[in-house]
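Reviewing the structure listed below.
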Amino acid sequence: MTGLRLIFAGSGAFGLPTLRSLGGEVVQVVSQPDRPAGRGRKLVATPIAQWAMENHLPLLRTERINEEKLEAADAMVVIAFGQKISREQADRPRLGSVNLHGSLLPLCRGAAPIPWTILSGRTFTGNSVIRLAERMDAGAILGQSRIEIGPVETAGELHDRLAEDGAALVARVLSDLAAGKAVETAQDESQATRASKLSRRDALSDWSANAESIALRIRALWPWPRCHAKVVDAAGGDVARVALVRARAAISEGPRWHPGEIEASGDVCAGNGGAVEILELQPEGGRVMKLDEYRRGHRWTAGLRLESPA
């Protein structure tokens with residue numbers, strides 16, 4: 001990539017490893033404006049904008065990239081930017097514009113590819129670098145990578161690994177583009193799946209579902225929107241509020257337990273003769289901890305049950 005002039009357009013932390021690796025090649029960083037966050041609703045810069053300021057890179061914060069006059073560049077790299085970029089703006093750099101997406105396209109097109117990959121039960125995934133296209137995530141593929149998904153890996157952990165993996169893939173594609181060796185492969189539309197944005201409603205757990213699907217949902221929705229649960233006693237009284245972090249499917253101790261009920265082993269009864277082993281959780285206002293550690297100071301005993309908060 002030596003000598004390439006690059007524009008980097010991004011907002012989310014997924015693009016940070018790539019931006020760091022591109023370093024001095026970047027002549028302009030484009031990100032979303034600062035947004036209010038936290039209880040105090042103070043304005044906070046995006047992770048990309050913050051890194052650009054700390055490293056003295058030219059930064060443009062805009063709500064309308066298509067109305068901006070960007071720097072002259074050889075290529076534009078777009079990662080988790082959050083705005084649709086017009087064809088005119090994407091085609092302005094000499095080598096065009098590329099986008100890093102955290103799935104093996106055409107699988108999981110959309111805003112939440114990593115959680116949806118875990119929800120689908122896949123054991124492997126990867127990154128795709130594509131041309132920007134009019135339709136979301138439908139551009140020609142310039143390069144892909146593949147990584148295995150750990151058996152109890154969370155979406156947050158997979159996000160970080162894919163982000164690091166993506167930096168090398170983007171560098172390789174840019175080098176191929178500069179050398180005139182890049183090969184563009186059209187996506188197979190018949191294989192396309194959607195990965196729509198998640199909401200807190202997706203985090204509600206149905207304990208009558210099969211154990212594997214519940215465990216996948218817990219892992220896929222951590223750290224956001226995260227599966228919250230309230231622990232209640234036989235009378236329905238609140239015992240505790242927790243967020244479920246990591247889990248795996250297990251076998252139920254038998255029909256005496258009902259879905260959502262904590263069994264003698266500490267596993268939670270699910271449907272179809274299964275149970276869910278909670279490996280890690282986070283008590284309300286506390287830190288993430290293993291279940292064994294949690295049980296030393298909190299009630300998690302046979303007969304209590306888990307419910308989704310209202």
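Chain identifiers are assigned as A, B, and so on, following the order in which chains appear in the structure tokens; residues are numbered from 1 within each chain, and ligands are numbered from 1 in order of appearance.
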For the structure I just gave you, how does DSSP split segment 214-284 of chain A - specifically, which residues are strand (DSSP E)? Reply as an MDAnalysis selection string. chainID A and resid 227:232 238:251 268:269 274:283
Just the alpha helix (DSSP H) stuff from segment 74-183 of chain A, please, per backbone DSSP, written as number ranges by chain. A: 87-91, 113-119, 155-179
Ser145 of chain A surroundings by only C-alpha atoms, 7 Å radius, close-in-sequence under 2 positions cut, as a ChimeraX atom specification: /A:126-128,147
Excluding same-chain residues fewer than 3 positions from Pro223 of chain A, what lies within 12 Å of it counting only C-alpha atoms, as JSON, numbers by chain? {"A": [114, 115, 153, 154, 155, 156, 157, 158, 159, 160, 198, 200, 203, 217, 218, 219, 220, 226, 227, 228, 243, 244, 245, 246, 281, 282, 288]}
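Distances here use only C-alpha atoms; by that measure, the residue among A:Gly266, A:Gly260, A:Gly24, A:Gly38 closest to Leu6 of chain A is A:Gly24.
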Segment 236-240 of chain A environment, 10 Å, only C-alpha atoms, sequence neighbours closer than 6 positions dropped, as a ChimeraX atom specification: /A:229-230,283-284,298-300,304-307
